[in-house]
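The structure file protein_38.csv is reproduced below (CSV, N, CA and C atoms).
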chain,number,residue,atom,x,y,z
A,1,GLN,N,-6.0,43.1,2.8
A,1,GLN,CA,-4.6,42.7,2.7
A,1,GLN,C,-4.5,41.6,1.6
A,2,VAL,N,-3.5,41.8,0.7
A,2,VAL,CA,-3.3,40.9,-0.4
A,2,VAL,C,-2.5,39.7,0.1
A,3,GLN,N,-3.0,38.5,0.0
A,3,GLN,CA,-2.3,37.3,0.4
A,3,GLN,C,-3.0,36.0,-0.1
A,4,LEU,N,-2.2,35.0,-0.1
A,4,LEU,CA,-2.6,33.6,-0.4
A,4,LEU,C,-2.5,32.9,0.9
A,5,VAL,N,-3.6,32.2,1.3
A,5,VAL,CA,-3.6,31.5,2.6
A,5,VAL,C,-3.9,30.0,2.3
A,6,GLU,N,-3.0,29.2,2.8
A,6,GLU,CA,-3.1,27.7,2.6
A,6,GLU,C,-3.7,27.1,3.8
A,7,SER,N,-4.3,25.9,3.6
A,7,SER,CA,-4.8,25.1,4.7
A,7,SER,C,-4.9,23.7,4.3
A,8,GLY,N,-5.0,22.8,5.3
A,8,GLY,CA,-5.2,21.4,5.0
A,8,GLY,C,-4.1,20.4,5.2
A,9,GLY,N,-2.9,20.9,5.6
A,9,GLY,CA,-1.8,20.0,5.9
A,9,GLY,C,-2.0,19.2,7.1
A,10,GLY,N,-1.1,18.3,7.4
A,10,GLY,CA,-1.2,17.5,8.6
A,10,GLY,C,-0.4,16.3,8.5
A,11,LEU,N,-0.6,15.4,9.5
A,11,LEU,CA,0.1,14.1,9.5
A,11,LEU,C,-0.9,13.0,9.0
A,12,VAL,N,-0.4,12.2,8.1
A,12,VAL,CA,-1.3,11.2,7.5
A,12,VAL,C,-0.5,9.9,7.3
A,13,GLN,N,-1.1,8.8,7.4
A,13,GLN,CA,-0.4,7.5,7.2
A,13,GLN,C,-0.2,7.2,5.7
A,14,PRO,N,0.8,6.5,5.3
A,14,PRO,CA,1.0,6.1,3.9
A,14,PRO,C,-0.3,5.5,3.3
A,15,GLY,N,-0.5,5.9,2.1
A,15,GLY,CA,-1.7,5.4,1.4
A,15,GLY,C,-3.0,6.2,1.6
A,16,ARG,N,-3.0,7.1,2.5
A,16,ARG,CA,-4.1,7.9,2.8
A,16,ARG,C,-4.1,9.2,1.9
A,17,SER,N,-5.1,10.0,2.1
A,17,SER,CA,-5.3,11.2,1.3
A,17,SER,C,-5.3,12.5,2.2
A,18,LEU,N,-5.0,13.6,1.5
A,18,LEU,CA,-5.2,14.9,2.1
A,18,LEU,C,-5.6,15.9,1.0
A,19,ARG,N,-6.3,16.9,1.3
A,19,ARG,CA,-6.6,18.0,0.3
A,19,ARG,C,-6.1,19.3,0.9
A,20,LEU,N,-5.3,20.0,0.1
A,20,LEU,CA,-4.8,21.3,0.5
A,20,LEU,C,-5.6,22.3,-0.2
A,21,SER,N,-5.9,23.5,0.5
A,21,SER,CA,-6.6,24.6,-0.1
A,21,SER,C,-5.7,25.8,-0.2
A,22,CYS,N,-5.9,26.6,-1.1
A,22,CYS,CA,-5.2,27.9,-1.3
A,22,CYS,C,-6.2,29.0,-1.7
A,23,THR,N,-6.4,29.9,-0.8
A,23,THR,CA,-7.4,30.9,-1.0
A,23,THR,C,-6.8,32.3,-1.1
A,24,ALA,N,-7.2,33.0,-2.1
A,24,ALA,CA,-6.7,34.4,-2.3
A,24,ALA,C,-7.5,35.4,-1.6
A,25,PHE,N,-6.9,36.4,-1.0
A,25,PHE,CA,-7.5,37.5,-0.4
A,25,PHE,C,-7.0,38.8,-1.0
A,26,GLY,N,-7.8,39.7,-1.4
A,26,GLY,CA,-7.4,41.0,-1.9
A,26,GLY,C,-7.1,41.0,-3.4
A,27,PHE,N,-7.2,39.9,-4.0
A,27,PHE,CA,-7.0,39.9,-5.5
A,27,PHE,C,-7.8,38.7,-6.1
A,28,THR,N,-8.0,38.7,-7.4
A,28,THR,CA,-8.8,37.7,-8.1
A,28,THR,C,-7.9,36.6,-8.5
A,29,LEU,N,-8.0,35.4,-7.9
A,29,LEU,CA,-7.2,34.3,-8.3
A,29,LEU,C,-7.4,33.8,-9.7
A,30,ALA,N,-8.6,34.0,-10.2
A,30,ALA,CA,-9.0,33.6,-11.6
A,30,ALA,C,-8.1,34.3,-12.6
A,31,ASP,N,-7.4,35.3,-12.2
A,31,ASP,CA,-6.5,36.0,-13.2
A,31,ASP,C,-5.2,35.4,-13.3
A,32,TYR,N,-4.9,34.3,-12.6
A,32,TYR,CA,-3.6,33.6,-12.5
A,32,TYR,C,-3.7,32.1,-12.7
A,33,PRO,N,-2.7,31.5,-13.2
A,33,PRO,CA,-2.5,30.1,-13.0
A,33,PRO,C,-2.4,29.8,-11.5
A,34,ILE,N,-2.6,28.6,-11.0
A,34,ILE,CA,-2.3,28.2,-9.7
A,34,ILE,C,-1.3,27.0,-9.7
A,35,ALA,N,-0.2,27.2,-9.1
A,35,ALA,CA,0.8,26.2,-9.0
A,35,ALA,C,1.0,25.7,-7.5
A,36,TRP,N,1.5,24.5,-7.4
A,36,TRP,CA,1.8,23.9,-6.1
A,36,TRP,C,3.3,23.5,-6.2
A,37,PHE,N,4.0,23.9,-5.2
A,37,PHE,CA,5.4,23.5,-5.0
A,37,PHE,C,5.6,22.8,-3.7
A,38,ARG,N,6.7,22.1,-3.5
A,38,ARG,CA,7.0,21.6,-2.2
A,38,ARG,C,8.5,21.6,-1.9
A,39,GLN,N,8.8,21.6,-0.7
A,39,GLN,CA,10.2,21.5,-0.3
A,39,GLN,C,10.4,20.6,0.9
A,40,ALA,N,11.1,19.5,0.7
A,40,ALA,CA,11.4,18.5,1.7
A,40,ALA,C,12.6,18.9,2.5
A,41,PRO,N,12.8,18.5,3.7
A,41,PRO,CA,14.0,18.8,4.5
A,41,PRO,C,15.3,18.5,3.7
A,42,GLY,N,16.1,19.5,3.6
A,42,GLY,CA,17.4,19.3,3.0
A,42,GLY,C,17.4,19.3,1.5
A,43,LYS,N,16.3,19.5,0.9
A,43,LYS,CA,16.2,19.5,-0.5
A,43,LYS,C,15.7,20.8,-1.1
A,44,GLU,N,15.9,21.0,-2.4
A,44,GLU,CA,15.4,22.2,-3.0
A,44,GLU,C,13.9,22.2,-3.3
A,45,ARG,N,13.3,23.3,-3.4
A,45,ARG,CA,11.9,23.4,-3.7
A,45,ARG,C,11.7,22.9,-5.1
A,46,GLU,N,10.6,22.1,-5.3
A,46,GLU,CA,10.3,21.6,-6.6
A,46,GLU,C,8.9,21.8,-6.9
A,47,GLY,N,8.6,21.9,-8.2
A,47,GLY,CA,7.2,22.0,-8.7
A,47,GLY,C,6.5,20.7,-8.6
A,48,VAL,N,5.2,20.8,-8.1
A,48,VAL,CA,4.4,19.6,-8.0
A,48,VAL,C,3.4,19.6,-9.2
A,49,GLY,N,2.8,20.7,-9.5
A,49,GLY,CA,1.9,20.8,-10.6
A,49,GLY,C,1.3,22.1,-10.7
A,50,CYS,N,0.5,22.3,-11.8
A,50,CYS,CA,0.0,23.6,-12.1
A,50,CYS,C,-1.3,23.5,-12.8
A,51,ILE,N,-2.2,24.4,-12.6
A,51,ILE,CA,-3.5,24.5,-13.4
A,51,ILE,C,-3.5,25.8,-14.1
A,52,SER,N,-3.9,25.8,-15.4
A,52,SER,CA,-3.9,27.0,-16.2
A,52,SER,C,-5.0,28.0,-15.7
A,53,ARG,N,-4.9,29.2,-16.2
A,53,ARG,CA,-5.8,30.3,-15.8
A,53,ARG,C,-7.2,30.1,-16.3
A,54,ARG,N,-7.3,29.7,-17.6
A,54,ARG,CA,-8.6,29.8,-18.2
A,54,ARG,C,-9.2,28.4,-18.5
A,55,ASP,N,-8.5,27.5,-19.2
A,55,ASP,CA,-9.1,26.3,-19.6
A,55,ASP,C,-8.9,25.1,-18.6
A,56,GLY,N,-8.3,25.3,-17.5
A,56,GLY,CA,-8.2,24.3,-16.5
A,56,GLY,C,-7.2,23.2,-16.9
A,57,MET,N,-6.4,23.4,-17.8
A,57,MET,CA,-5.4,22.4,-18.2
A,57,MET,C,-4.4,22.2,-17.0
A,58,THR,N,-4.0,21.0,-16.8
A,58,THR,CA,-3.2,20.7,-15.6
A,58,THR,C,-1.9,20.0,-16.1
A,59,PHE,N,-0.8,20.2,-15.3
A,59,PHE,CA,0.5,19.6,-15.5
A,59,PHE,C,1.0,19.2,-14.2
A,60,TYR,N,1.7,18.0,-14.2
A,60,TYR,CA,2.2,17.4,-12.9
A,60,TYR,C,3.6,16.9,-13.1
A,61,ARG,N,4.3,16.9,-12.0
A,61,ARG,CA,5.6,16.2,-12.1
A,61,ARG,C,5.4,14.7,-12.1
A,62,GLU,N,6.3,14.0,-12.7
A,62,GLU,CA,6.1,12.6,-13.0
A,62,GLU,C,5.8,11.8,-11.7
A,63,SER,N,6.4,12.1,-10.6
A,63,SER,CA,6.3,11.3,-9.4
A,63,SER,C,4.9,11.4,-8.7
A,64,VAL,N,4.1,12.4,-9.1
A,64,VAL,CA,2.8,12.6,-8.5
A,64,VAL,C,1.7,12.3,-9.5
A,65,GLU,N,2.0,12.2,-10.8
A,65,GLU,CA,1.1,12.0,-11.8
A,65,GLU,C,0.2,10.8,-11.5
A,66,GLY,N,-1.1,11.0,-11.5
A,66,GLY,CA,-2.1,9.9,-11.2
A,66,GLY,C,-2.4,9.8,-9.8
A,67,ARG,N,-1.7,10.5,-8.9
A,67,ARG,CA,-2.0,10.4,-7.5
A,67,ARG,C,-2.5,11.8,-7.0
A,68,PHE,N,-2.0,12.9,-7.6
A,68,PHE,CA,-2.3,14.2,-7.1
A,68,PHE,C,-3.2,14.9,-8.2
A,69,THR,N,-4.2,15.7,-7.8
A,69,THR,CA,-5.1,16.4,-8.7
A,69,THR,C,-5.2,17.8,-8.3
A,70,ILE,N,-4.9,18.7,-9.2
A,70,ILE,CA,-5.1,20.2,-8.9
A,70,ILE,C,-6.4,20.6,-9.6
A,71,THR,N,-7.2,21.4,-8.8
A,71,THR,CA,-8.4,21.9,-9.3
A,71,THR,C,-8.5,23.4,-8.8
A,72,ARG,N,-9.5,24.1,-9.3
A,72,ARG,CA,-9.7,25.4,-8.9
A,72,ARG,C,-11.2,25.7,-8.9
A,73,ASP,N,-11.6,26.6,-8.0
A,73,ASP,CA,-13.0,27.1,-7.9
A,73,ASP,C,-12.9,28.6,-7.9
A,74,ASN,N,-13.1,29.2,-9.1
A,74,ASN,CA,-12.9,30.6,-9.2
A,74,ASN,C,-14.0,31.4,-8.4
A,75,ALA,N,-15.1,30.8,-8.2
A,75,ALA,CA,-16.2,31.5,-7.5
A,75,ALA,C,-15.8,31.6,-6.0
A,76,LYS,N,-15.0,30.7,-5.5
A,76,LYS,CA,-14.5,30.7,-4.1
A,76,LYS,C,-13.1,31.3,-4.0
A,77,ASN,N,-12.5,31.7,-5.2
A,77,ASN,CA,-11.2,32.3,-5.2
A,77,ASN,C,-10.2,31.4,-4.5
A,78,THR,N,-10.3,30.1,-4.8
A,78,THR,CA,-9.6,29.0,-4.2
A,78,THR,C,-9.1,28.0,-5.1
A,79,GLY,N,-7.9,27.5,-4.9
A,79,GLY,CA,-7.4,26.4,-5.6
A,79,GLY,C,-7.2,25.2,-4.6
A,80,TYR,N,-7.1,24.0,-5.2
A,80,TYR,CA,-7.0,22.8,-4.4
A,80,TYR,C,-5.9,21.9,-4.9
A,81,LEU,N,-5.3,21.1,-4.0
A,81,LEU,CA,-4.4,20.1,-4.3
A,81,LEU,C,-4.9,18.8,-3.6
A,82,GLN,N,-5.5,17.9,-4.3
A,82,GLN,CA,-6.0,16.6,-3.8
A,82,GLN,C,-4.8,15.6,-3.9
A,83,MET,N,-4.4,15.1,-2.8
A,83,MET,CA,-3.3,14.2,-2.8
A,83,MET,C,-3.8,12.8,-2.3
A,84,ASP,N,-3.7,11.8,-3.1
A,84,ASP,CA,-4.1,10.5,-2.8
A,84,ASP,C,-2.9,9.5,-2.8
A,85,SER,N,-3.1,8.4,-2.2
A,85,SER,CA,-2.0,7.4,-2.1
A,85,SER,C,-0.7,8.0,-1.7
A,86,LEU,N,-0.8,8.8,-0.6
A,86,LEU,CA,0.4,9.5,-0.2
A,86,LEU,C,1.5,8.6,0.3
A,87,GLN,N,2.7,8.9,0.1
A,87,GLN,CA,3.9,8.1,0.4
A,87,GLN,C,4.8,9.0,1.3
A,88,PRO,N,5.7,8.3,2.1
A,88,PRO,CA,6.6,9.1,2.9
A,88,PRO,C,7.5,10.1,2.1
A,89,GLU,N,7.8,9.8,0.9
A,89,GLU,CA,8.6,10.7,0.1
A,89,GLU,C,7.8,12.0,-0.3
A,90,ASP,N,6.5,12.0,0.0
A,90,ASP,CA,5.7,13.2,-0.3
A,90,ASP,C,5.8,14.2,0.9
A,91,THR,N,6.4,13.8,2.0
A,91,THR,CA,6.6,14.7,3.1
A,91,THR,C,7.4,15.9,2.7
A,92,ALA,N,6.8,17.1,3.0
A,92,ALA,CA,7.4,18.4,2.6
A,92,ALA,C,6.5,19.5,3.1
A,93,ILE,N,7.0,20.7,3.0
A,93,ILE,CA,6.2,21.9,3.1
A,93,ILE,C,5.6,22.2,1.7
A,94,TYR,N,4.3,22.3,1.6
A,94,TYR,CA,3.7,22.6,0.3
A,94,TYR,C,3.3,24.1,0.3
A,95,TYR,N,3.6,24.7,-0.9
A,95,TYR,CA,3.3,26.1,-1.1
A,95,TYR,C,2.4,26.2,-2.4
A,96,CYS,N,1.5,27.1,-2.4
A,96,CYS,CA,0.8,27.5,-3.6
A,96,CYS,C,1.4,28.8,-4.1
A,97,ALA,N,1.2,29.1,-5.4
A,97,ALA,CA,1.8,30.3,-6.0
A,97,ALA,C,1.0,30.6,-7.2
A,98,THR,N,1.1,31.8,-7.7
A,98,THR,CA,0.3,32.3,-8.8
A,98,THR,C,1.0,32.3,-10.2
A,99,ALA,N,1.9,31.3,-10.4
A,99,ALA,CA,2.5,31.1,-11.7
A,99,ALA,C,3.1,29.7,-11.7
A,100,CYS,N,3.1,29.1,-12.9
A,100,CYS,CA,3.6,27.7,-13.0
A,100,CYS,C,5.1,27.7,-12.8
A,101,GLN,N,5.8,28.7,-13.1
A,101,GLN,CA,7.2,28.8,-12.9
A,101,GLN,C,7.5,29.8,-11.7
A,102,GLU,N,8.2,29.3,-10.7
A,102,GLU,CA,8.2,30.1,-9.5
A,102,GLU,C,8.8,31.5,-9.6
A,103,GLU,N,9.7,31.6,-10.6
A,103,GLU,CA,10.3,33.0,-10.7
A,103,GLU,C,9.3,34.0,-11.2
A,104,PHE,N,8.2,33.6,-11.7
A,104,PHE,CA,7.2,34.5,-12.2
A,104,PHE,C,6.0,34.7,-11.3
A,105,ALA,N,6.0,34.1,-10.1
A,105,ALA,CA,4.9,34.1,-9.2
A,105,ALA,C,4.8,35.5,-8.5
A,106,ASP,N,3.7,36.1,-8.6
A,106,ASP,CA,3.5,37.4,-7.8
A,106,ASP,C,3.2,37.1,-6.4
A,107,PHE,N,2.5,36.0,-6.1
A,107,PHE,CA,2.0,35.8,-4.8
A,107,PHE,C,2.3,34.3,-4.4
A,108,TRP,N,2.7,34.2,-3.1
A,108,TRP,CA,3.0,32.8,-2.5
A,108,TRP,C,2.2,32.6,-1.3
A,109,GLY,N,1.7,31.4,-1.0
A,109,GLY,CA,1.2,31.0,0.2
A,109,GLY,C,2.3,30.9,1.3
A,110,GLN,N,1.8,30.8,2.5
A,110,GLN,CA,2.8,30.7,3.6
A,110,GLN,C,3.4,29.3,3.8
A,111,GLY,N,2.8,28.4,3.2
A,111,GLY,CA,3.3,27.0,3.3
A,111,GLY,C,2.5,26.2,4.3
A,112,THR,N,2.3,24.9,4.0
A,112,THR,CA,1.6,24.1,5.0
A,112,THR,C,2.4,22.7,5.0
A,113,GLN,N,2.6,22.2,6.2
A,113,GLN,CA,3.4,21.0,6.4
A,113,GLN,C,2.5,19.8,6.1
A,114,VAL,N,3.0,18.9,5.3
A,114,VAL,CA,2.4,17.6,5.1
A,114,VAL,C,3.5,16.5,5.5
A,115,THR,N,3.1,15.7,6.4
A,115,THR,CA,3.9,14.6,6.9
A,115,THR,C,3.2,13.3,6.7
A,116,VAL,N,3.9,12.4,5.9
A,116,VAL,CA,3.4,11.0,5.7
A,116,VAL,C,4.2,10.0,6.4
A,117,SER,N,3.6,9.4,7.4
A,117,SER,CA,4.4,8.5,8.3
A,117,SER,C,3.4,7.6,9.0
A,118,SER,N,3.9,6.4,9.2
A,118,SER,CA,3.1,5.4,10.0
A,118,SER,C,3.4,5.5,11.5
Could you write out this structure as structure tokens?
Amino acid sequence: QVQLVESGGGLVQPGRSLRLSCTAFGFTLADYPIAWFRQAPGKEREGVGCISRRDGMTFYRESVEGRFTITRDNAKNTGYLQMDSLQPEDTAIYYCATACQEEFADFWGQGTQVTVSS
């Protein structure tokens, strides 16, 4: 079955870290960029960042620059979103996808909830 499966979400206190994983099944993730998006309650989905297919170049939205890091391990068919210094405003459902622009993504993860609260 062709799918992206996310894991690693949860409840964390402000200032702490989480790492999300995004694993591809049924296709080769190395053939695609990996992007992370998030959607907070009552808000539109927004791009968090993206890693390119070949050279590993990364791009981030300004509000997470320096706190979040996107990496990929093509041997494991998996991408990662390392989130440090989490803040309550980072609370959202996080999705991975196979394009930096969501309208071009062939595959989406199911979403994983991240809640930052004391």
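Relative to atom CA of A:Gln1, atom CA of A:Thr112 is found at 19.7 Å.
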Counting only C-alpha atoms, the residue of A:Thr69, A:Gln3, A:Gln87, A:Gly42 that sits nearest A:Gly26: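 When distances to A:Gly26 are compared using only C-alpha atoms, the smallest one comes from A:Gln3.
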Near-A:Arg19 list (10 Å; only C-alpha atoms; drop same-chain fewer than 5 positions) as an MDAnalysis selection string: chainID A and resid 7:10 68:70 80:84
One-decimal distance in Å that lies between atom N of A:Tyr94 and atom C of A:Ile34: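 The value is 13.5 Å.
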Atom-to-atom span, atom C of A:Glu65 and atom C of A:Arg38, Å: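 Those two atoms sit 16.7 Å apart.
Candidate residues A:Leu29, A:Val64, A:Val2, A:Val114 were compared for distance to A:Gly79, and the nearest is A:Leu29, using only N, CA and C atoms.
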Residues of stretch 35-113 of chain A in strand (DSSP E or B), written as a PyMOL selection string: chain A and resi 35-39+46-51+58-60+68-73+78-83+92-97+108+112-113
Test item: residues at most 6.5 Å from stretch 106-109 of chain A, only N, CA and C atoms, excluding those fewer than 3 positions along its chain, as a ChimeraX atom specification: /A:3-6,95-99
Option closest in space to A:Asp31, from A:Arg67, A:Arg61, A:Arg45, A:Arg72 [counting only C-alpha atoms]: A:Arg72
Residue contacts of A:Val48 (6 Å, only C-alpha atoms) excluding same-chain residues fewer than 3 positions away, as an MDAnalysis selection string: chainID A and resid 36:37 60:61
Contacts of A:Thr78 at 8 Å (only C-alpha atoms; same-chain gap of 5+ positions) as a PyMOL selection string: chain A and resi 21-24+29+72-73
Generate a file of the selected residues that holds N, CA and C atoms, formatted as a short mmCIF file (atom, residue, chain, number, x, y, z; two decimals), keeping the file's coordinate frame.
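Writing done, so here's again_27.cif:
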data_model
loop_
_atom_site.label_atom_id
_atom_site.label_comp_id
_atom_site.auth_asym_id
_atom_site.auth_seq_id
_atom_site.Cartn_x
_atom_site.Cartn_y
_atom_site.Cartn_z
N SER A 21 -5.90 23.50 0.50
CA SER A 21 -6.60 24.60 -0.10
C SER A 21 -5.70 25.80 -0.20
N CYS A 22 -5.90 26.60 -1.10
CA CYS A 22 -5.20 27.90 -1.30
C CYS A 22 -6.20 29.00 -1.70
N THR A 23 -6.40 29.90 -0.80
CA THR A 23 -7.40 30.90 -1.00
C THR A 23 -6.80 32.30 -1.10
N ALA A 24 -7.20 33.00 -2.10
CA ALA A 24 -6.70 34.40 -2.30
C ALA A 24 -7.50 35.40 -1.60
N LEU A 29 -8.00 35.40 -7.90
CA LEU A 29 -7.20 34.30 -8.30
C LEU A 29 -7.40 33.80 -9.70
N ARG A 72 -9.50 24.10 -9.30
CA ARG A 72 -9.70 25.40 -8.90
C ARG A 72 -11.20 25.70 -8.90
N ASP A 73 -11.60 26.60 -8.00
CA ASP A 73 -13.00 27.10 -7.90
C ASP A 73 -12.90 28.60 -7.90
#
Ref. answer, residues at most 6.5 Å from (-3.4, 11.3, 3.0) with all atoms listed in the file, as a PyMOL selection string: chain A and resi 12-13+15-18+83-86
Take the selection from the previous step and output its residues with N, CA and C atoms, as a compact mmCIF listing (two decimals), in the coordinates of the input.
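Ended up saving to out-v2.txt:
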# COMPACT_ATOMS: atom_id res chain seq x y z
N VAL A 12 -0.40 12.20 8.10
CA VAL A 12 -1.30 11.20 7.50
C VAL A 12 -0.50 9.90 7.30
N GLN A 13 -1.10 8.80 7.40
CA GLN A 13 -0.40 7.50 7.20
C GLN A 13 -0.20 7.20 5.70
N GLY A 15 -0.50 5.90 2.10
CA GLY A 15 -1.70 5.40 1.40
C GLY A 15 -3.00 6.20 1.60
N ARG A 16 -3.00 7.10 2.50
CA ARG A 16 -4.10 7.90 2.80
C ARG A 16 -4.10 9.20 1.90
N SER A 17 -5.10 10.00 2.10
CA SER A 17 -5.30 11.20 1.30
C SER A 17 -5.30 12.50 2.20
N LEU A 18 -5.00 13.60 1.50
CA LEU A 18 -5.20 14.90 2.10
C LEU A 18 -5.60 15.90 1.00
N MET A 83 -4.40 15.10 -2.80
CA MET A 83 -3.30 14.20 -2.80
C MET A 83 -3.80 12.80 -2.30
N ASP A 84 -3.70 11.80 -3.10
CA ASP A 84 -4.10 10.50 -2.80
C ASP A 84 -2.90 9.50 -2.80
N SER A 85 -3.10 8.40 -2.20
CA SER A 85 -2.00 7.40 -2.10
C SER A 85 -0.70 8.00 -1.70
N LEU A 86 -0.80 8.80 -0.60
CA LEU A 86 0.40 9.50 -0.20
C LEU A 86 1.50 8.60 0.30
